file query-v1.cif (mmCIF, C-alpha atoms)
data_run
#
loop_
_atom_site.group_PDB
_atom_site.id
_atom_site.type_symbol
_atom_site.label_atom_id
_atom_site.label_comp_id
_atom_site.auth_asym_id
_atom_site.auth_seq_id
_atom_site.Cartn_x
_atom_site.Cartn_y
_atom_site.Cartn_z
ATOM 1 C CA MET A 598 146.766 109.969 18.125
ATOM 2 C CA ALA A 599 143.538 109.889 20.090
ATOM 3 C CA ASP A 600 142.021 113.063 21.470
ATOM 4 C CA ALA A 601 142.129 113.260 25.248
ATOM 5 C CA HIS A 602 139.348 114.885 27.244
ATOM 6 C CA GLU A 603 139.512 115.740 30.919
ATOM 7 C CA TYR A 604 136.564 116.099 33.263
ATOM 8 C CA ARG A 605 137.213 117.876 36.533
ATOM 9 C CA VAL A 606 134.968 117.558 39.547
ATOM 10 C CA GLY A 607 135.492 118.284 43.193
ATOM 11 C CA ILE A 608 133.799 116.851 46.229
ATOM 12 C CA GLU A 609 133.372 118.292 49.691
ATOM 13 C CA TRP A 610 132.310 116.200 52.666
ATOM 14 C CA LEU A 611 129.619 117.940 54.764
ATOM 15 C CA GLY A 612 129.037 115.214 57.342
ATOM 16 C CA ASN A 613 131.215 116.236 60.286
ATOM 17 C CA ARG A 614 128.753 116.347 63.181
ATOM 18 C CA GLY A 615 131.354 117.776 65.528
ATOM 19 C CA THR A 616 133.412 114.676 66.306
ATOM 20 C CA GLY A 617 134.549 113.775 62.791
ATOM 21 C CA THR A 618 134.862 110.056 62.147
ATOM 22 C CA SER A 619 135.076 109.142 65.808
ATOM 23 C CA GLY A 620 132.721 106.210 65.157
ATOM 24 C CA TYR A 621 130.915 104.586 62.247
ATOM 25 C CA ARG A 622 127.548 106.059 63.237
ATOM 26 C CA GLU A 623 128.975 109.371 64.401
ATOM 27 C CA TYR A 624 129.387 111.061 61.022
ATOM 28 C CA GLY A 625 127.071 111.966 58.174
ATOM 29 C CA ARG A 626 127.558 110.863 54.598
ATOM 30 C CA GLN A 627 126.442 114.163 53.053
ATOM 31 C CA LEU A 628 128.633 115.648 50.376
ATOM 32 C CA VAL A 629 128.546 118.078 47.493
ATOM 33 C CA VAL A 630 129.914 117.288 44.054
ATOM 34 C CA ARG A 631 130.987 120.362 42.107
ATOM 35 C CA ALA A 632 131.754 120.704 38.439
ATOM 36 C CA ALA A 633 134.647 122.963 37.466
ATOM 37 C CA ASP A 634 132.182 125.801 36.780
ATOM 38 C CA GLY A 635 130.625 125.515 40.263
ATOM 39 C CA ARG A 636 127.432 123.565 39.477
ATOM 40 C CA GLU A 637 126.520 121.450 42.497
ATOM 41 C CA LEU A 638 125.003 118.012 42.998
ATOM 42 C CA ALA A 639 123.947 116.873 46.476
ATOM 43 C CA GLY A 640 125.327 113.432 47.282
ATOM 44 C CA SER A 641 125.406 110.904 50.085
ATOM 45 C CA ALA A 642 125.769 107.192 50.647
ATOM 46 C CA ASP A 643 122.982 104.744 49.881
ATOM 47 C CA PRO A 644 120.537 104.651 52.835
ATOM 48 C CA THR A 645 121.660 101.047 53.469
ATOM 49 C CA PHE A 646 125.051 102.519 54.363
ATOM 50 C CA HIS A 647 123.679 105.290 56.606
ATOM 51 C CA GLY A 648 123.205 107.817 53.817
ATOM 52 C CA ASP A 649 120.401 110.244 53.061
ATOM 53 C CA ALA A 650 117.680 108.989 50.736
ATOM 54 C CA ASP A 651 117.020 112.526 49.470
ATOM 55 C CA ARG A 652 120.536 112.826 47.979
ATOM 56 C CA TRP A 653 122.139 111.056 45.021
ATOM 57 C CA ASN A 654 124.414 108.160 45.934
ATOM 58 C CA PRO A 655 127.416 107.026 43.849
ATOM 59 C CA GLU A 656 125.641 103.870 42.730
ATOM 60 C CA GLU A 657 122.690 105.847 41.360
ATOM 61 C CA LEU A 658 125.073 108.253 39.664
ATOM 62 C CA LEU A 659 126.853 105.388 37.902
ATOM 63 C CA VAL A 660 123.552 103.981 36.612
ATOM 64 C CA ALA A 661 122.445 107.492 35.590
ATOM 65 C CA ALA A 662 125.728 108.064 33.735
ATOM 66 C CA LEU A 663 125.300 104.818 31.800
ATOM 67 C CA SER A 664 121.678 105.615 30.948
ATOM 68 C CA GLN A 665 122.477 109.170 29.886
ATOM 69 C CA CYS A 666 125.498 108.111 27.832
ATOM 70 C CA HIS A 667 123.488 105.433 26.011
ATOM 71 C CA MET A 668 120.706 107.900 25.269
ATOM 72 C CA LEU A 669 123.077 110.497 23.844
ATOM 73 C CA SER A 670 124.893 107.880 21.761
ATOM 74 C CA TYR A 671 121.547 106.469 20.621
ATOM 75 C CA LEU A 672 120.203 109.831 19.475
ATOM 76 C CA HIS A 673 123.314 110.292 17.347
ATOM 77 C CA MET A 674 122.982 106.789 15.869
ATOM 78 C CA ALA A 675 119.292 107.425 15.191
ATOM 79 C CA VAL A 676 120.165 110.474 13.108
ATOM 80 C CA ARG A 677 122.739 108.440 11.178
ATOM 81 C CA ALA A 678 120.124 105.703 10.552
ATOM 82 C CA GLY A 679 117.463 108.173 9.395
ATOM 83 C CA VAL A 680 115.285 107.552 12.442
ATOM 84 C CA VAL A 681 113.322 110.517 13.772
ATOM 85 C CA VAL A 682 113.044 110.133 17.552
ATOM 86 C CA THR A 683 110.340 112.273 19.141
ATOM 87 C CA ALA A 684 110.615 111.031 22.747
ATOM 88 C CA TYR A 685 112.984 108.919 24.841
ATOM 89 C CA THR A 686 112.695 107.709 28.422
ATOM 90 C CA ASP A 687 114.602 105.063 30.334
ATOM 91 C CA GLU A 688 114.029 103.203 33.581
ATOM 92 C CA ALA A 689 117.518 101.842 34.187
ATOM 93 C CA LEU A 690 118.311 99.240 36.801
ATOM 94 C CA GLY A 691 121.757 98.584 38.238
ATOM 95 C CA THR A 692 122.533 95.451 40.228
ATOM 96 C CA MET A 693 125.317 95.518 42.800
ATOM 97 C CA VAL A 694 126.388 92.709 45.106
ATOM 98 C CA GLN A 695 127.997 93.418 48.438
ATOM 99 C CA GLU A 696 131.083 91.363 49.204
ATOM 100 C CA GLY A 697 132.418 91.940 52.699
ATOM 101 C CA LEU A 698 133.129 95.640 53.121
ATOM 102 C CA GLY A 699 133.150 96.196 49.366
ATOM 103 C CA GLY A 700 130.960 95.338 46.468
ATOM 104 C CA ARG A 701 130.688 95.442 42.725
ATOM 105 C CA PHE A 702 128.131 95.963 40.028
ATOM 106 C CA THR A 703 127.179 92.785 38.215
ATOM 107 C CA GLU A 704 125.173 94.488 35.464
ATOM 108 C CA VAL A 705 123.117 97.477 34.444
ATOM 109 C CA LEU A 706 119.928 96.996 32.462
ATOM 110 C CA LEU A 707 118.730 99.908 30.352
ATOM 111 C CA ARG A 708 115.059 99.841 29.385
ATOM 112 C CA PRO A 709 114.624 102.741 26.972
ATOM 113 C CA VAL A 710 111.228 103.544 25.534
ATOM 114 C CA VAL A 711 111.823 105.307 22.240
ATOM 115 C CA THR A 712 109.065 107.025 20.294
ATOM 116 C CA VAL A 713 109.687 107.341 16.557
ATOM 117 C CA ALA A 714 107.869 109.484 14.016
ATOM 118 C CA ASP A 715 106.855 106.679 11.635
ATOM 119 C CA ALA A 716 106.310 102.903 11.746
ATOM 120 C CA SER A 717 108.772 102.423 8.882
ATOM 121 C CA MET A 718 111.551 103.494 11.274
ATOM 122 C CA ALA A 719 110.866 100.913 14.006
ATOM 123 C CA ASP A 720 113.344 98.230 12.889
ATOM 124 C CA ARG A 721 116.161 100.722 12.343
ATOM 125 C CA ALA A 722 115.307 102.333 15.689
ATOM 126 C CA ARG A 723 115.686 98.986 17.460
ATOM 127 C CA GLU A 724 118.942 98.171 15.645
ATOM 128 C CA ALA A 725 120.483 101.536 16.543
ATOM 129 C CA HIS A 726 120.664 100.484 20.205
ATOM 130 C CA ALA A 727 123.443 97.966 19.549
ATOM 131 C CA GLU A 728 125.550 100.552 17.766
ATOM 132 C CA ALA A 729 124.844 103.128 20.471
ATOM 133 C CA SER A 730 125.984 100.629 23.081
ATOM 134 C CA GLU A 731 129.280 100.130 21.250
ATOM 135 C CA HIS A 732 129.888 103.890 21.119
ATOM 136 C CA CYS A 733 128.916 104.830 24.675
ATOM 137 C CA PHE A 734 132.099 106.027 26.380
ATOM 138 C CA ILE A 735 130.899 105.106 29.857
ATOM 139 C CA ALA A 736 129.662 101.611 28.936
ATOM 140 C CA SER A 737 132.975 100.809 27.285
ATOM 141 C CA SER A 738 134.761 101.860 30.483
ATOM 142 C CA VAL A 739 133.064 99.532 32.963
ATOM 143 C CA ASN A 740 133.890 95.875 33.679
ATOM 144 C CA PHE A 741 130.321 94.569 33.863
ATOM 145 C CA PRO A 742 127.657 94.087 31.194
ATOM 146 C CA VAL A 743 125.390 96.961 30.238
ATOM 147 C CA ARG A 744 122.360 95.397 28.618
ATOM 148 C CA HIS A 745 119.459 97.116 26.926
ATOM 149 C CA GLU A 746 115.859 96.039 26.393
ATOM 150 C CA PRO A 747 114.374 98.770 24.222
ATOM 151 C CA THR A 748 110.725 99.352 23.474
ATOM 152 C CA ILE A 749 109.924 101.170 20.254
ATOM 153 C CA VAL A 750 106.683 103.149 20.066
ATOM 154 C CA VAL A 751 105.297 104.858 16.963
ATOM 155 C CA ALA A 752 104.029 108.406 17.508
ATOM 156 C CA ALA A 753 100.265 108.788 17.192
#

call {"tool": "encode", "arguments": {"input": "query-v1.cif", "output": "structure tokens"}}
result
Amino acid sequence: MADAHEYRVGIEWLGNRGTGTSGYREYGRQLVVRAADGRELAGSADPTFHGDADRWNPEELLVAALSQCHMLSYLHMAVRAGVVVTAYTDEALGTMVQEGLGGRFTEVLLRPVVTVADASMADRAREAHAEASEHCFIASSVNFPVRHEPTIVVAA
């Protein structure tokens, strides 16, 4: 039997400007996401949908979750492959198309830049991305492609 894990979060809408949702432009999209232990994350809608640019929107959070999950899976696969990673960054890009009042993601592109300790590790470092992709819990839960275009750099 598979192990089950639960992740609890709460959200609280902060955008009532005094008249609630009396009109589309009459309410704010500000919210707070809280983990079970009380940690907070400031959220809103994308600015295109009248949100605040200085807060995380759900679309950014989805792309961030995919990027973070791939990185964590990758680091594990790197250890298994004997690859010593000394730095890892990613500039992920999610593409969403709006369809009427809704929309959907069509893909997320991960562009990790991985620094390895030795040139002899470069091929294994590149190959570990495919395995990491297969083991990322978030990527295996979405219905759109999550692609990766890694760059491998050898530490100086």

call {"tool": "residues_around", "arguments": {"input": "query-v1.cif", "residues": "Val629 in chain A", "least_positions_apart": "3", "cutoff": "12 Å", "atoms": "all atoms listed in the file", "output": "number ranges by chain"}}
result
A: 606-612, 626, 632, 635-642, 652-655

call {"tool": "atom_distance", "arguments": {"input": "query-v1.cif", "atom1": "CA of Ser717 in chain A", "atom2": "CA of Ala753 in chain A"}}
result
13.5 Å

call {"tool": "closest_residue", "arguments": {"input": "query-v1.cif", "among": "A:Met718, A:Gly625, A:Ser664, A:Val676", "to": "His647 in chain A", "atoms": "all atoms listed in the file"}}
result
A:Gly625

call {"tool": "closest_residue", "arguments": {"input": "query-v1.cif", "among": "A:Ala722, A:Ala601, A:Val630, A:Ala727", "to": "Leu658 in chain A", "atoms": "all atoms listed in the file"}}
result
A:Val630

call {"tool": "atom_distance", "arguments": {"input": "query-v1.cif", "atom1": "CA of Val680 in chain A", "atom2": "CA of Arg744 in chain A"}}
result
21.4 Å

call {"tool": "resolve_selection", "arguments": {"input": "query-v1.cif", "expression": "the PyMOL selection byres ((chain A and resi 681-695) around 9)", "output": "ChimeraX atom specification"}}
result
/A:656-657,659-661,663-665,668,672,675-676,678-680,696-715,718,722,743,745,747,752

call {"tool": "write_last_selection", "arguments": {"input": "query-v1.cif", "atoms": "C-alpha atoms", "output": "PDB file, in the coordinates of the input"}}
result
ATOM      1  CA  GLU A 656     125.641 103.870  42.730  1.00  0.00           C
ATOM      2  CA  GLU A 657     122.690 105.847  41.360  1.00  0.00           C
ATOM      3  CA  LEU A 659     126.853 105.388  37.902  1.00  0.00           C
ATOM      4  CA  VAL A 660     123.552 103.981  36.612  1.00  0.00           C
ATOM      5  CA  ALA A 661     122.445 107.492  35.590  1.00  0.00           C
ATOM      6  CA  LEU A 663     125.300 104.818  31.800  1.00  0.00           C
ATOM      7  CA  SER A 664     121.678 105.615  30.948  1.00  0.00           C
ATOM      8  CA  GLN A 665     122.477 109.170  29.886  1.00  0.00           C
ATOM      9  CA  MET A 668     120.706 107.900  25.269  1.00  0.00           C
ATOM     10  CA  LEU A 672     120.203 109.831  19.475  1.00  0.00           C
ATOM     11  CA  ALA A 675     119.292 107.425  15.191  1.00  0.00           C
ATOM     12  CA  VAL A 676     120.165 110.474  13.108  1.00  0.00           C
ATOM     13  CA  ALA A 678     120.124 105.703  10.552  1.00  0.00           C
ATOM     14  CA  GLY A 679     117.463 108.173   9.395  1.00  0.00           C
ATOM     15  CA  VAL A 680     115.285 107.552  12.442  1.00  0.00           C
ATOM     16  CA  GLU A 696     131.083  91.363  49.204  1.00  0.00           C
ATOM     17  CA  GLY A 697     132.418  91.940  52.699  1.00  0.00           C
ATOM     18  CA  LEU A 698     133.129  95.640  53.121  1.00  0.00           C
ATOM     19  CA  GLY A 699     133.150  96.196  49.366  1.00  0.00           C
ATOM     20  CA  GLY A 700     130.960  95.338  46.468  1.00  0.00           C
ATOM     21  CA  ARG A 701     130.688  95.442  42.725  1.00  0.00           C
ATOM     22  CA  PHE A 702     128.131  95.963  40.028  1.00  0.00           C
ATOM     23  CA  THR A 703     127.179  92.785  38.215  1.00  0.00           C
ATOM     24  CA  GLU A 704     125.173  94.488  35.464  1.00  0.00           C
ATOM     25  CA  VAL A 705     123.117  97.477  34.444  1.00  0.00           C
ATOM     26  CA  LEU A 706     119.928  96.996  32.462  1.00  0.00           C
ATOM     27  CA  LEU A 707     118.730  99.908  30.352  1.00  0.00           C
ATOM     28  CA  ARG A 708     115.059  99.841  29.385  1.00  0.00           C
ATOM     29  CA  PRO A 709     114.624 102.741  26.972  1.00  0.00           C
ATOM     30  CA  VAL A 710     111.228 103.544  25.534  1.00  0.00           C
ATOM     31  CA  VAL A 711     111.823 105.307  22.240  1.00  0.00           C
ATOM     32  CA  THR A 712     109.065 107.025  20.294  1.00  0.00           C
ATOM     33  CA  VAL A 713     109.687 107.341  16.557  1.00  0.00           C
ATOM     34  CA  ALA A 714     107.869 109.484  14.016  1.00  0.00           C
ATOM     35  CA  ASP A 715     106.855 106.679  11.635  1.00  0.00           C
ATOM     36  CA  MET A 718     111.551 103.494  11.274  1.00  0.00           C
ATOM     37  CA  ALA A 722     115.307 102.333  15.689  1.00  0.00           C
ATOM     38  CA  VAL A 743     125.390  96.961  30.238  1.00  0.00           C
ATOM     39  CA  HIS A 745     119.459  97.116  26.926  1.00  0.00           C
ATOM     40  CA  PRO A 747     114.374  98.770  24.222  1.00  0.00           C
ATOM     41  CA  ALA A 752     104.029 108.406  17.508  1.00  0.00           C
TER      42      ALA A 752
END

call {"tool": "atom_distance", "arguments": {"input": "query-v1.cif", "atom1": "CA of Asp720 in chain A", "atom2": "CA of Phe741 in chain A"}}
result
27.2 Å

call {"tool": "axis_aligned_box", "arguments": {"input": "query-v1.cif", "around": "range 622-635 of chain A", "padding_each_side": "4 Å", "output": "JSON"}}
result
{"center_x": 130.5, "center_y": 115.9, "center_z": 50.6, "size_x": 16.2, "size_y": 27.7, "size_z": 35.6}

call {"tool": "residues_near_point", "arguments": {"input": "query-v1.cif", "point": "(127.9, 104.9, 27.1)", "cutoff": "7 Å", "atoms": "only C-alpha atoms", "output": "compact mmCIF listing (two decimals) with C-alpha atoms, in the coordinates of the input"}}
result
# COMPACT_ATOMS: atom_id res chain seq x y z
CA LEU A 663 125.30 104.82 31.80
CA CYS A 666 125.50 108.11 27.83
CA HIS A 667 123.49 105.43 26.01
CA SER A 670 124.89 107.88 21.76
CA SER A 730 125.98 100.63 23.08
CA HIS A 732 129.89 103.89 21.12
CA CYS A 733 128.92 104.83 24.68
CA PHE A 734 132.10 106.03 26.38
CA ILE A 735 130.90 105.11 29.86
CA ALA A 736 129.66 101.61 28.94
CA SER A 737 132.98 100.81 27.28

call {"tool": "closest_residue", "arguments": {"input": "query-v1.cif", "among": "A:Arg677, A:Arg605, A:Arg614, A:Arg631", "to": "Arg721 in chain A", "atoms": "all atoms listed in the file"}}
result
A:Arg677

call {"tool": "closest_residue", "arguments": {"input": "query-v1.cif", "among": "A:Asp634, A:Leu669, A:Asp600, A:Gly648", "to": "Arg622 in chain A", "atoms": "only C-alpha atoms"}}
result
A:Gly648

call {"tool": "build_atoms", "arguments": {"input": "query-v1.cif", "residues": "range 661-672 of chain A", "atoms": "N, CA and C atoms", "output": "PDB file, in the coordinates of the input"}}
result
ATOM      1  N   ALA A 661     122.905 106.318  36.346  1.00  0.00           N
ATOM      2  CA  ALA A 661     122.445 107.492  35.590  1.00  0.00           C
ATOM      3  C   ALA A 661     123.427 107.845  34.478  1.00  0.00           C
ATOM      4  N   ALA A 662     124.724 107.756  34.759  1.00  0.00           N
ATOM      5  CA  ALA A 662     125.728 108.064  33.735  1.00  0.00           C
ATOM      6  C   ALA A 662     125.631 107.085  32.574  1.00  0.00           C
ATOM      7  N   LEU A 663     125.429 105.814  32.864  1.00  0.00           N
ATOM      8  CA  LEU A 663     125.300 104.818  31.800  1.00  0.00           C
ATOM      9  C   LEU A 663     124.034 105.053  30.979  1.00  0.00           C
ATOM     10  N   SER A 664     122.931 105.356  31.643  1.00  0.00           N
ATOM     11  CA  SER A 664     121.678 105.615  30.948  1.00  0.00           C
ATOM     12  C   SER A 664     121.781 106.860  30.070  1.00  0.00           C
ATOM     13  N   GLN A 665     122.338 107.911  30.624  1.00  0.00           N
ATOM     14  CA  GLN A 665     122.477 109.170  29.886  1.00  0.00           C
ATOM     15  C   GLN A 665     123.424 109.000  28.704  1.00  0.00           C
ATOM     16  N   CYS A 666     124.528 108.320  28.903  1.00  0.00           N
ATOM     17  CA  CYS A 666     125.498 108.111  27.832  1.00  0.00           C
ATOM     18  C   CYS A 666     124.872 107.303  26.701  1.00  0.00           C
ATOM     19  N   HIS A 667     124.136 106.242  27.050  1.00  0.00           N
ATOM     20  CA  HIS A 667     123.488 105.433  26.011  1.00  0.00           C
ATOM     21  C   HIS A 667     122.483 106.277  25.233  1.00  0.00           C
ATOM     22  N   MET A 668     121.695 107.072  25.947  1.00  0.00           N
ATOM     23  CA  MET A 668     120.706 107.900  25.269  1.00  0.00           C
ATOM     24  C   MET A 668     121.366 108.857  24.283  1.00  0.00           C
ATOM     25  N   LEU A 669     122.410 109.529  24.722  1.00  0.00           N
ATOM     26  CA  LEU A 669     123.077 110.497  23.844  1.00  0.00           C
ATOM     27  C   LEU A 669     123.724 109.810  22.647  1.00  0.00           C
ATOM     28  N   SER A 670     124.330 108.649  22.870  1.00  0.00           N
ATOM     29  CA  SER A 670     124.893 107.880  21.761  1.00  0.00           C
ATOM     30  C   SER A 670     123.781 107.401  20.831  1.00  0.00           C
ATOM     31  N   TYR A 671     122.672 106.965  21.410  1.00  0.00           N
ATOM     32  CA  TYR A 671     121.547 106.469  20.621  1.00  0.00           C
ATOM     33  C   TYR A 671     120.974 107.567  19.732  1.00  0.00           C
ATOM     34  N   LEU A 672     120.774 108.744  20.273  1.00  0.00           N
ATOM     35  CA  LEU A 672     120.203 109.831  19.475  1.00  0.00           C
ATOM     36  C   LEU A 672     121.088 110.129  18.274  1.00  0.00           C
TER      37      LEU A 672
END
